[in-house]
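Data block for input-v4.csv (CSV, C-alpha atoms and all ligand atoms):
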```
chain,number,residue,atom,x,y,z
A,287,MET,CA,-117.8,98.0,-50.4
A,288,ALA,CA,-115.3,98.3,-53.2
A,289,ALA,CA,-117.7,96.3,-55.4
A,290,ALA,CA,-120.6,98.5,-54.5
A,291,ALA,CA,-118.6,101.6,-55.3
A,292,THR,CA,-117.7,100.2,-58.7
A,293,LEU,CA,-121.4,99.4,-59.4
A,294,LEU,CA,-122.4,102.9,-58.4
A,295,SER,CA,-119.8,104.5,-60.8
A,296,VAL,CA,-121.3,102.7,-63.8
A,297,ARG,CA,-123.3,104.9,-66.0
A,298,ALA,CA,-124.6,104.9,-69.5
A,299,ALA,CA,-124.4,108.1,-71.4
A,300,PRO,CA,-127.0,108.9,-74.0
A,301,ALA,CA,-125.6,108.6,-77.6
A,302,LEU,CA,-124.7,111.8,-79.3
A,303,ARG,CA,-125.6,111.2,-83.0
A,304,LEU,CA,-123.3,113.0,-85.4
A,305,ARG,CA,-123.5,111.1,-88.6
A,306,GLY,CA,-125.2,112.6,-91.7
A,307,LYS,CA,-124.9,116.1,-90.5
A,308,GLY,CA,-122.0,117.4,-92.6
A,309,THR,CA,-118.3,116.4,-92.7
A,310,CYS,CA,-117.1,119.0,-90.2
A,311,ARG,CA,-119.7,118.1,-87.6
A,312,LEU,CA,-117.5,115.9,-85.5
A,313,LEU,CA,-114.6,118.4,-85.3
A,314,SER,CA,-117.0,121.3,-84.5
A,315,CYS,CA,-118.4,119.2,-81.7
A,316,TYR,CA,-115.0,119.1,-80.0
A,317,ALA,CA,-114.7,122.9,-80.5
A,318,SER,CA,-118.1,124.0,-79.4
A,319,SER,CA,-120.3,121.3,-77.9
A,320,SER,CA,-118.1,119.4,-75.6
A,321,PRO,CA,-116.5,121.4,-72.8
A,322,PRO,CA,-113.0,120.1,-72.1
A,323,PRO,CA,-113.1,117.7,-69.1
A,324,PRO,CA,-111.0,118.6,-66.0
A,325,SER,CA,-107.2,118.2,-66.6
A,326,SER,CA,-107.7,117.0,-70.2
A,327,GLY,CA,-104.9,119.3,-71.3
A,328,GLU,CA,-105.0,120.5,-74.9
A,329,GLY,CA,-107.7,118.0,-76.0
A,330,PHE,CA,-107.5,116.2,-79.3
A,331,SER,CA,-107.1,118.0,-82.6
A,332,GLY,CA,-109.1,115.2,-84.3
A,333,LYS,CA,-106.2,113.1,-85.7
A,334,VAL,CA,-107.4,109.5,-85.1
A,335,GLY,CA,-105.4,106.3,-85.7
A,336,PHE,CA,-106.9,102.9,-86.2
A,337,LEU,CA,-105.0,99.6,-85.9
A,338,GLY,CA,-106.7,96.4,-87.0
A,339,LEU,CA,-109.1,96.4,-89.9
A,340,GLY,CA,-110.9,93.0,-89.6
A,341,ILE,CA,-114.6,92.4,-89.5
A,342,MET,CA,-115.1,95.0,-86.7
A,343,GLY,CA,-112.2,97.4,-87.2
A,344,ALA,CA,-112.9,98.2,-90.9
A,345,PRO,CA,-116.5,99.4,-90.4
A,346,MET,CA,-115.6,101.2,-87.2
A,347,ALA,CA,-112.8,103.1,-88.9
A,348,SER,CA,-115.0,103.7,-91.9
A,349,ASN,CA,-117.7,105.4,-89.8
A,350,LEU,CA,-115.1,107.7,-88.3
A,351,ILE,CA,-114.0,108.7,-91.8
A,352,LYS,CA,-117.6,109.2,-92.9
A,353,ALA,CA,-118.1,111.5,-89.8
A,354,GLY,CA,-115.3,113.7,-91.0
A,355,CYS,CA,-112.4,112.5,-88.9
A,356,ASP,CA,-108.9,112.7,-90.1
A,357,VAL,CA,-108.1,108.9,-89.8
A,358,THR,CA,-104.8,107.1,-90.3
A,359,VAL,CA,-104.9,103.3,-90.6
A,360,TRP,CA,-102.6,100.3,-90.3
A,361,ASN,CA,-103.3,96.6,-90.6
A,362,ARG,CA,-100.9,93.6,-90.6
A,363,THR,CA,-102.3,92.5,-94.0
A,364,LYS,CA,-101.9,95.8,-95.8
A,365,SER,CA,-104.5,95.1,-98.5
A,366,LYS,CA,-107.3,95.4,-96.0
A,367,CYS,CA,-106.4,99.2,-95.7
A,368,ASP,CA,-107.3,99.8,-99.4
A,369,PRO,CA,-111.1,100.3,-98.9
A,370,LEU,CA,-110.4,102.8,-96.1
A,371,LEU,CA,-107.8,104.6,-98.2
A,372,SER,CA,-110.4,104.9,-100.9
A,373,LEU,CA,-112.7,106.6,-98.4
A,374,GLY,CA,-110.0,109.2,-97.6
A,375,ALA,CA,-107.9,107.6,-94.8
A,376,LYS,CA,-104.1,108.0,-94.6
A,377,TYR,CA,-101.7,105.1,-94.2
A,378,GLU,CA,-98.7,104.5,-91.9
A,379,SER,CA,-96.4,101.5,-92.1
A,380,SER,CA,-96.4,100.5,-88.4
A,381,PRO,CA,-98.5,100.9,-85.2
A,382,SER,CA,-95.7,103.2,-83.8
A,383,ASN,CA,-95.9,105.5,-86.8
A,384,VAL,CA,-99.7,105.7,-86.5
A,385,ALA,CA,-99.5,106.5,-82.8
A,386,SER,CA,-96.8,109.2,-83.3
A,387,SER,CA,-98.8,110.9,-86.1
A,388,CYS,CA,-102.2,110.8,-84.3
A,389,ASP,CA,-103.7,112.3,-81.1
A,390,VAL,CA,-105.7,109.2,-80.3
A,391,THR,CA,-105.2,105.7,-81.6
A,392,PHE,CA,-107.8,102.9,-81.5
A,393,ALA,CA,-106.9,99.2,-81.7
A,394,MET,CA,-109.2,96.3,-82.7
A,395,LEU,CA,-107.1,93.2,-82.6
A,396,ALA,CA,-108.0,89.5,-82.6
A,397,ASP,CA,-106.9,88.3,-79.2
A,398,PRO,CA,-104.6,89.0,-76.2
A,399,GLU,CA,-101.4,88.0,-78.1
A,400,SER,CA,-102.1,90.3,-81.0
A,401,ALA,CA,-103.3,93.1,-78.8
A,402,ILE,CA,-100.0,92.9,-76.8
A,403,GLU,CA,-97.8,92.6,-79.9
A,404,VAL,CA,-99.4,95.6,-81.7
A,405,ALA,CA,-99.3,97.8,-78.5
A,406,CYS,CA,-96.1,96.7,-76.9
A,407,GLY,CA,-94.0,94.9,-79.5
A,408,ALA,CA,-91.3,96.1,-81.8
A,409,ASN,CA,-92.6,99.1,-83.8
A,410,GLY,CA,-95.7,98.8,-81.6
A,411,ALA,CA,-98.0,101.7,-80.7
A,412,ALA,CA,-96.3,102.4,-77.3
A,413,GLU,CA,-93.2,103.4,-79.2
A,414,GLY,CA,-95.1,106.3,-80.8
A,415,MET,CA,-96.9,107.4,-77.7
A,416,ALA,CA,-96.1,110.5,-75.7
A,417,PRO,CA,-97.8,112.8,-73.1
A,418,GLY,CA,-101.1,114.2,-74.4
A,419,LYS,CA,-101.8,111.2,-76.7
A,420,GLY,CA,-104.3,108.5,-76.0
A,421,TYR,CA,-104.6,104.8,-76.8
A,422,VAL,CA,-108.0,103.1,-76.8
A,423,ASP,CA,-108.0,99.3,-77.1
A,424,VAL,CA,-111.4,98.1,-78.2
A,425,SER,CA,-110.3,94.4,-78.7
A,426,THR,CA,-111.8,91.7,-76.5
A,427,VAL,CA,-109.0,90.6,-74.1
A,428,ASP,CA,-108.6,89.5,-70.5
A,429,THR,CA,-108.1,91.9,-67.6
A,430,ALA,CA,-104.4,91.0,-67.2
A,431,THR,CA,-103.7,91.8,-70.9
A,432,SER,CA,-105.5,95.1,-70.7
A,433,LYS,CA,-103.6,96.1,-67.5
A,434,LEU,CA,-100.3,95.1,-69.2
A,435,ILE,CA,-101.0,97.2,-72.3
A,436,GLY,CA,-102.2,100.1,-70.1
A,437,LYS,CA,-99.0,100.0,-68.1
A,438,HIS,CA,-96.9,100.2,-71.3
A,439,ILE,CA,-98.9,103.0,-72.7
A,440,THR,CA,-99.0,105.1,-69.6
A,441,SER,CA,-95.3,104.6,-69.0
A,442,THR,CA,-94.8,106.9,-72.0
A,443,GLY,CA,-96.9,109.6,-70.4
A,444,ALA,CA,-99.9,108.9,-72.7
A,445,SER,CA,-103.4,107.9,-71.5
A,446,PHE,CA,-105.1,104.5,-71.8
A,447,LEU,CA,-108.7,103.4,-72.1
A,448,GLU,CA,-110.0,99.9,-72.6
A,449,ALA,CA,-113.2,99.9,-74.5
A,450,PRO,CA,-114.3,96.5,-75.8
A,451,VAL,CA,-117.6,96.5,-77.6
A,452,SER,CA,-120.8,94.5,-77.5
A,453,GLY,CA,-122.5,94.2,-80.9
A,454,SER,CA,-121.3,92.5,-84.0
A,455,LYS,CA,-120.6,93.2,-87.7
A,456,LYS,CA,-124.0,94.8,-88.5
A,457,PRO,CA,-124.0,97.1,-85.4
A,458,ALA,CA,-120.4,98.0,-86.3
A,459,GLU,CA,-121.5,99.0,-89.8
A,460,ASP,CA,-124.5,100.9,-88.5
A,461,GLY,CA,-122.6,102.7,-85.7
A,462,LEU,CA,-124.7,101.0,-83.0
A,463,LEU,CA,-122.1,99.3,-80.8
A,464,ILE,CA,-122.1,99.4,-77.0
A,465,PHE,CA,-118.7,100.5,-75.5
A,466,LEU,CA,-117.7,99.0,-72.2
A,467,THR,CA,-114.9,101.4,-71.2
A,468,ALA,CA,-112.6,101.6,-68.2
A,469,GLY,CA,-109.3,103.4,-67.4
A,470,ASP,CA,-108.5,107.1,-67.8
A,471,GLU,CA,-111.7,109.1,-67.4
A,472,SER,CA,-110.3,112.2,-69.0
A,473,LEU,CA,-109.5,110.2,-72.1
A,474,TYR,CA,-112.9,108.7,-72.0
A,475,ASN,CA,-114.4,112.2,-72.0
A,476,ARG,CA,-112.1,113.3,-74.8
A,477,VAL,CA,-113.0,110.4,-77.1
A,478,ALA,CA,-116.7,110.3,-76.2
A,479,PRO,CA,-117.7,112.0,-79.5
A,480,LEU,CA,-115.7,109.3,-81.4
A,481,LEU,CA,-117.4,106.5,-79.4
A,482,ASP,CA,-120.7,108.1,-80.2
A,483,VAL,CA,-119.9,108.0,-84.0
A,484,MET,CA,-119.2,104.2,-83.7
A,485,GLY,CA,-121.8,103.3,-81.1
A,486,LYS,CA,-125.2,103.8,-79.6
A,487,SER,CA,-124.2,103.8,-75.9
A,488,ARG,CA,-121.2,103.8,-73.7
A,489,PHE,CA,-120.5,102.7,-70.1
A,490,PHE,CA,-117.6,104.0,-68.0
A,491,LEU,CA,-116.8,101.2,-65.5
A,492,GLY,CA,-113.9,102.5,-63.4
A,493,ASP,CA,-110.4,100.9,-63.3
A,494,VAL,CA,-108.7,99.2,-66.2
A,495,GLY,CA,-109.8,95.5,-66.2
A,496,ASN,CA,-113.5,96.2,-65.5
A,497,GLY,CA,-114.3,96.8,-69.2
A,498,ALA,CA,-112.6,93.6,-70.2
A,499,ALA,CA,-114.3,91.7,-67.4
A,500,MET,CA,-117.8,93.0,-68.3
A,501,LYS,CA,-117.2,92.1,-71.9
A,502,LEU,CA,-116.2,88.5,-71.0
A,503,VAL,CA,-119.2,88.0,-68.8
A,504,VAL,CA,-121.5,89.2,-71.6
A,505,ASN,CA,-119.9,87.0,-74.1
A,506,MET,CA,-119.9,83.9,-71.8
A,507,VAL,CA,-123.7,84.3,-71.5
A,508,MET,CA,-123.9,84.7,-75.3
A,509,GLY,CA,-121.8,81.6,-76.0
A,510,SER,CA,-123.9,79.4,-73.7
A,511,MET,CA,-127.1,80.8,-75.1
A,512,MET,CA,-126.0,79.8,-78.6
A,513,VAL,CA,-125.3,76.3,-77.5
A,514,SER,CA,-128.6,75.9,-75.7
A,515,PHE,CA,-130.4,77.3,-78.8
A,516,SER,CA,-128.5,74.8,-81.0
A,517,GLU,CA,-129.6,72.0,-78.8
A,518,GLY,CA,-133.2,73.2,-79.1
A,519,LEU,CA,-133.1,73.4,-82.9
A,520,LEU,CA,-131.7,69.9,-83.2
A,521,LEU,CA,-134.1,68.4,-80.7
A,522,SER,CA,-137.2,70.1,-82.2
A,523,GLU,CA,-136.2,68.6,-85.6
A,524,LYS,CA,-135.6,65.1,-84.1
A,525,VAL,CA,-139.1,65.0,-82.5
A,526,GLY,CA,-140.7,66.0,-85.8
A,527,LEU,CA,-141.2,69.7,-85.3
A,528,ASP,CA,-140.2,72.4,-87.8
A,529,PRO,CA,-137.2,74.2,-86.3
A,530,ASN,CA,-138.3,77.3,-88.2
A,531,THR,CA,-141.5,77.3,-86.2
A,532,LEU,CA,-139.4,77.0,-83.0
A,533,VAL,CA,-137.5,80.2,-84.1
A,534,GLU,CA,-140.8,81.9,-84.6
A,535,VAL,CA,-142.2,80.7,-81.2
A,536,ILE,CA,-139.1,81.8,-79.3
A,537,SER,CA,-139.2,85.2,-81.0
A,538,GLN,CA,-142.6,85.9,-79.5
A,539,GLY,CA,-141.9,84.9,-76.0
A,540,ALA,CA,-139.9,85.8,-72.9
A,541,ILE,CA,-136.7,84.3,-74.2
A,542,SER,CA,-136.8,86.3,-77.4
A,543,ALA,CA,-133.4,87.6,-78.4
A,544,PRO,CA,-132.2,89.3,-81.6
A,545,MET,CA,-129.5,86.7,-81.8
A,546,PHE,CA,-132.0,83.9,-82.2
A,547,SER,CA,-134.1,85.6,-84.8
A,548,LEU,CA,-131.0,86.7,-86.7
A,549,LYS,CA,-129.1,83.5,-86.7
A,550,GLY,CA,-131.9,80.9,-86.4
A,551,PRO,CA,-133.1,80.8,-90.1
A,552,SER,CA,-129.6,80.4,-91.5
A,553,MET,CA,-128.7,77.8,-88.8
A,554,VAL,CA,-131.7,75.7,-89.9
A,555,LYS,CA,-130.1,75.8,-93.4
A,556,ALA,CA,-126.7,74.9,-92.1
A,557,ALA,CA,-125.3,78.3,-93.3
A,558,TYR,CA,-122.9,80.2,-91.1
A,559,PRO,CA,-121.9,83.5,-92.8
A,560,THR,CA,-119.3,85.0,-90.5
A,561,ALA,CA,-120.2,88.0,-88.3
A,562,PHE,CA,-118.5,86.8,-85.1
A,563,PRO,CA,-115.9,84.2,-85.8
A,564,LEU,CA,-116.2,81.0,-83.8
A,565,LYS,CA,-112.5,81.1,-82.9
A,566,HIS,CA,-113.1,84.4,-81.1
A,567,GLN,CA,-116.2,83.1,-79.2
A,568,GLN,CA,-114.1,80.2,-78.0
A,569,LYS,CA,-111.3,82.6,-77.0
A,570,ASP,CA,-113.8,84.6,-75.0
A,571,LEU,CA,-115.1,81.5,-73.2
A,572,ARG,CA,-111.5,80.4,-72.4
A,573,LEU,CA,-110.8,83.9,-71.0
A,574,ALA,CA,-114.2,83.9,-69.1
A,575,LEU,CA,-113.3,80.5,-67.5
A,576,ALA,CA,-110.0,81.9,-66.4
A,577,LEU,CA,-111.7,85.0,-65.0
A,578,ALA,CA,-114.1,82.8,-63.0
A,579,GLU,CA,-111.2,80.6,-61.8
A,580,SER,CA,-109.5,83.7,-60.5
A,581,VAL,CA,-112.4,84.3,-58.0
A,582,SER,CA,-113.2,80.6,-57.5
A,583,GLN,CA,-116.6,81.0,-59.2
A,584,SER,CA,-118.1,77.8,-60.7
A,585,ILE,CA,-119.5,78.3,-64.3
A,586,PRO,CA,-120.2,74.7,-65.4
A,587,THR,CA,-122.5,75.6,-68.2
A,588,VAL,CA,-119.8,77.8,-69.8
A,589,ALA,CA,-117.2,75.0,-69.3
A,590,ALA,CA,-119.5,72.6,-71.2
A,591,ALA,CA,-120.2,75.1,-73.9
A,592,ASN,CA,-116.5,75.8,-74.3
A,593,GLU,CA,-115.8,72.1,-75.0
A,594,LEU,CA,-118.3,72.2,-77.9
A,595,TYR,CA,-116.7,75.3,-79.4
A,596,LYS,CA,-113.4,73.5,-79.2
A,597,VAL,CA,-114.9,70.5,-81.0
A,598,ALA,CA,-116.2,72.9,-83.7
A,599,LYS,CA,-112.8,74.4,-84.1
A,600,SER,CA,-111.3,70.9,-84.6
A,601,LEU,CA,-113.9,70.3,-87.3
A,602,GLY,CA,-112.4,73.3,-89.3
A,603,LEU,CA,-115.1,75.8,-88.3
A,604,ALA,CA,-112.9,78.4,-86.6
A,605,ASP,CA,-113.5,81.1,-89.2
A,606,LYS,CA,-117.2,80.4,-89.6
A,607,ASP,CA,-119.7,82.3,-87.6
A,608,PHE,CA,-120.0,81.1,-84.0
A,609,SER,CA,-123.5,79.8,-84.7
A,610,ALA,CA,-121.7,76.9,-86.5
A,611,VAL,CA,-121.2,75.4,-83.0
A,612,ILE,CA,-124.4,73.5,-83.9
A,613,GLU,CA,-122.3,71.4,-86.2
A,614,ALA,CA,-120.3,70.1,-83.2
A,615,LEU,CA,-123.5,68.8,-81.7
A,616,LYS,CA,-124.4,67.1,-85.0
A,617,ALA,CA,-121.0,65.5,-85.2
A,618,LYS,CA,-121.3,64.2,-81.6
A,619,GLU,CA,-124.6,62.7,-82.5
A,620,HIS,CA,-123.2,61.1,-85.6
A,621,ASN,CA,-120.2,59.7,-83.7
A,622,SER,CA,-122.5,58.2,-80.9
A,623,GLN,CA,-124.7,56.3,-83.4
A,624,PRO,CA,-124.0,52.5,-83.5
A,701,LIG,N1,-116.8,90.0,-85.0
A,701,LIG,C1,-117.6,90.3,-84.0
A,701,LIG,O1,-118.8,90.2,-84.0
A,701,LIG,C2,-117.0,90.9,-82.7
A,701,LIG,C3,-115.7,90.8,-82.4
A,701,LIG,N2,-115.2,91.4,-81.2
A,701,LIG,C4,-113.8,91.2,-80.9
A,701,LIG,O2,-113.1,92.2,-81.6
A,701,LIG,C5,-111.8,91.8,-82.0
A,701,LIG,C6,-111.7,91.7,-83.5
A,701,LIG,O3,-112.7,90.9,-84.0
A,701,LIG,P1,-112.9,90.8,-85.6
A,701,LIG,O4,-112.8,92.1,-86.3
A,701,LIG,O5,-114.2,90.0,-85.7
A,701,LIG,O6,-111.7,89.8,-85.9
A,701,LIG,P2,-111.0,89.6,-87.3
A,701,LIG,O7,-110.4,88.2,-87.1
A,701,LIG,O8,-111.8,89.8,-88.5
A,701,LIG,O9,-109.8,90.6,-87.3
A,701,LIG,C7,-108.7,90.5,-86.4
A,701,LIG,C8,-107.7,91.6,-86.6
A,701,LIG,O10,-106.6,91.4,-85.8
A,701,LIG,C9,-105.4,91.4,-86.7
A,701,LIG,N3,-104.4,90.5,-86.2
A,701,LIG,C10,-104.5,89.2,-85.8
A,701,LIG,N4,-103.3,88.7,-85.3
A,701,LIG,C11,-102.4,89.8,-85.4
A,701,LIG,C12,-101.1,89.9,-85.1
A,701,LIG,N5,-100.4,88.9,-84.6
A,701,LIG,N6,-100.5,91.1,-85.3
A,701,LIG,C13,-101.2,92.1,-85.8
A,701,LIG,N7,-102.5,92.1,-86.2
A,701,LIG,C14,-103.1,90.9,-86.0
A,701,LIG,C15,-105.9,91.0,-88.0
A,701,LIG,O11,-105.0,91.4,-89.0
A,701,LIG,P3,-105.0,90.6,-90.4
A,701,LIG,O12,-106.0,91.3,-91.3
A,701,LIG,O13,-103.6,90.8,-90.9
A,701,LIG,O14,-105.3,89.1,-90.2
A,701,LIG,C16,-107.2,91.8,-88.1
A,701,LIG,O15,-107.0,93.1,-88.4
A,701,LIG,C17,-111.7,90.4,-81.3
A,701,LIG,O16,-111.0,90.6,-80.1
A,701,LIG,C18,-113.1,89.9,-81.1
A,701,LIG,O17,-113.3,89.0,-80.1
A,701,LIG,C19,-116.0,92.1,-80.4
A,701,LIG,C20,-117.3,92.3,-80.7
A,701,LIG,C21,-117.9,91.7,-81.8
A,702,LIG,O1,-117.8,89.7,-79.2
A,702,LIG,C1,-118.8,89.6,-80.0
A,702,LIG,C2,-120.1,90.0,-79.6
A,702,LIG,C3,-121.1,89.8,-80.7
A,702,LIG,C4,-122.4,90.5,-80.3
A,702,LIG,O2,-122.5,91.2,-79.3
A,702,LIG,O3,-123.4,90.3,-81.1
```
Would you kindly transcribe this structure into structure tokens?
Ligand SMILES: NC(=O)C1=CN([C@@H]2O[C@H](COP(=O)(O)OP(=O)(O)OC[C@H]3O[C@@H](n4cnc5c(N)ncnc54)[C@H](OP(=O)(O)O)[C@@H]3O)[C@@H](O)[C@H]2O)C=CC1
Ligand SMILES: O=CCCC(=O)O
Amino acid sequence: MAAAATLLSVRAAPALRLRGKGTCRLLSCYASSSPPPPSSGEGFSGKVGFLGLGIMGAPMASNLIKAGCDVTVWNRTKSKCDPLLSLGAKYESSPSNVASSCDVTFAMLADPESAIEVACGANGAAEGMAPGKGYVDVSTVDTATSKLIGKHITSTGASFLEAPVSGSKKPAEDGLLIFLTAGDESLYNRVAPLLDVMGKSRFFLGDVGNGAAMKLVVNMVMGSMMVSFSEGLLLSEKVGLDPNTLVEVISQGAISAPMFSLKGPSMVKAAYPTAFPLKHQQKDLRLALALAESVSQSIPTVAAANELYKVAKSLGLADKDFSAVIEALKAKEHNSQP
């Protein structure tokens, strides 16, 4: 019954496109187009913090700035702030300073450890939080991590929303991400115009943990698909077929996926320009396996795929694109030859 209720509460909101319509468009949207949600208090004045400016965080923050938002950034490696400062962002020297100077703060961190450190550690965002403020964690983490961060943030009187994203580097640059949100619904409504600047759709999934779980399920499917695709490319070549033709054939049929068409041609050339780092895909498989374990669900295909990503990491491919997992299959074949 609870599961059914959760499913029924899922909804996708149509994207509200704001870019390219003048620099004040976003702020005026708060003022005139979006009625304040129930019990949303004062609403946000438009001061937005962004913590974590990696492959995903930098273009997401950049789109907020280009939409006219007043953005303050922080990144562990300070030099990664420079391109955002050139676009007009402000800088603060710690997550707590960003949080205390902003109305809503987004965080896009590598993994559960960094997400916890930045939110809950010394000089972390929670130290700068207060009633009326909001924290939106868009990192991919497990449900327990998200709940822990949510507890720290809400203990200050602030609101918490988890909002991991589907979509990679290019959708982040193009403002076409898919947000999988859960937590404080008032905060969700308040930040909706910001999500719509960075993304093409958003789902509100109920309680904290549901967004993280949805993201892990999506990424475990993706990680297994990539392994299966890699096996197909290698087998086609071995039996004398052109793997480029396989990519073309797949693109026209029922198993067509943008991922195959996008990554296939470079995989055939053994080139793996990083959009989604392999180390993050392996992290997501590890977290998905733990999620499945928590409900005694068997996911043997994912377990096998995870082993290959671990081999790929051991080959030094952690920072390459996750499509480099094909190299783990090549290495296995090489090692098994007499
Ligand atoms: N790339 C992709 O296609 C997608 C990624 N994701 C998820 O989004 C998140 C970010 O991914 P992505 O941008 O690709 O990753 P990157 O590796 O490019 O960026 C990671 C960010 O986390 C910061 N970081 C890492 N460790 C720490 C720490 N201990 N303390 C403070 N900051 C830290 C990095 O700082 P520094 O610069 O100092 O290293 C950097 O800002 C991950 O959870 C990933 O799984 C989700 C959807 C798509
Ligand atoms: O977490 C990364 C997801 C990448 C994608 O959705 O293309």
Contacts of ligand LIG 701 (chain A), 8 Å or closer, all atoms listed in the file, given as number ranges by chain | A: 337-344, 361-364, 366, 394-401, 403-404, 424-427, 450-455, 560-563, 566-567, 569-570
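What separates atom CA of Tyr595 of chain A from atom CA of Gln568 of chain A is a distance of 5.7 Å.
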Please provide the set of residues having any atom within 10 Å of Lys606 of chain A, restricted to all atoms listed in the file, with same-chain residues fewer than 2 positions apart removed, written as a PyMOL selection string.
-> chain A and resi 557-565+598-599+602-604+608-611
Can you find the residues with an atom no farther than 6 Å from (-105.3, 111.8, -90.2), counting all atoms listed in the file, and report them as a list in words?
-> Lys333, Val334, Asp356, Val357, Thr358 and Lys376 of chain A
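When all atoms listed in the file are used to measure the gap to Val384 of chain A, the shortest distance among A:Asn409, A:Ser510, A:Ser365, A:Asn592 belongs to A:Asn409.
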Extract, using all atoms listed in the file, all DNA, RNA and protein residues at most 9 Å from segment 529-535 of chain A, discarding same-chain residues fewer than 5 positions from it, and format them as a VMD selection string.
-> chain A and resid 518 to 523 542 546 to 547 550 to 551 554
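Closest approach to Ser516 of chain A among A:Glu471, A:Glu593, A:Glu613, A:Asp482 is made by A:Glu613 (distances from all atoms listed in the file).
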Excluding same-chain residues fewer than 6 positions from Thr440 of chain A, what lies within 10 Å of it counting all atoms listed in the file, as number ranges by chain?
-> A: 412, 415-417, 419-421, 446, 470
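The smallest atom-to-atom distance between ligand LIG 702 (chain A) and any of A:Lys524, A:Lys486, A:Lys456, A:Lys596, using all atoms listed in the file, is found for A:Lys456.
Distance check against His438 of chain A using all atoms listed in the file: of A:Ala574, A:Pro457, A:Ala405, A:Leu466, the minimum falls on A:Ala405.
With all atoms listed in the file as the atoms that count, the minimum distance from ligand LIG 702 (chain A) to the choices A:Val588, A:Ala347, A:Leu571, A:Leu601 is reached by A:Leu571.
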Separating atom CA of Leu463 of chain A from atom CA of Val507 of chain A, to the nearest tenth of an Å, is a gap of 17.7 Å
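Counting from atom CA of Lys501 of chain A, the distance to atom CA of Ile612 of chain A is 23.3 Å.
Contact shell of Gly495 of chain A at 9 Å (only C-alpha atoms; same-chain neighbours under 6 positions omitted): Asp428, Thr429, Ala430, Thr431, Ser432, Lys433, Glu448, Ala468 and Gly469 of chain A.
With all atoms listed in the file as the basis for measurement, A:Leu502 is the residue among A:Cys406, A:Ala591, A:Val581, A:Leu502 that approaches ligand LIG 702 (chain A) most closely.
Excluding Ser348 of chain A and any residue on its chain fewer than 6 positions from it, the residues at most 9 Å away by all atoms listed in the file are Val357, Pro369, Leu370, Leu373, Ala375 and Glu459 of chain A.
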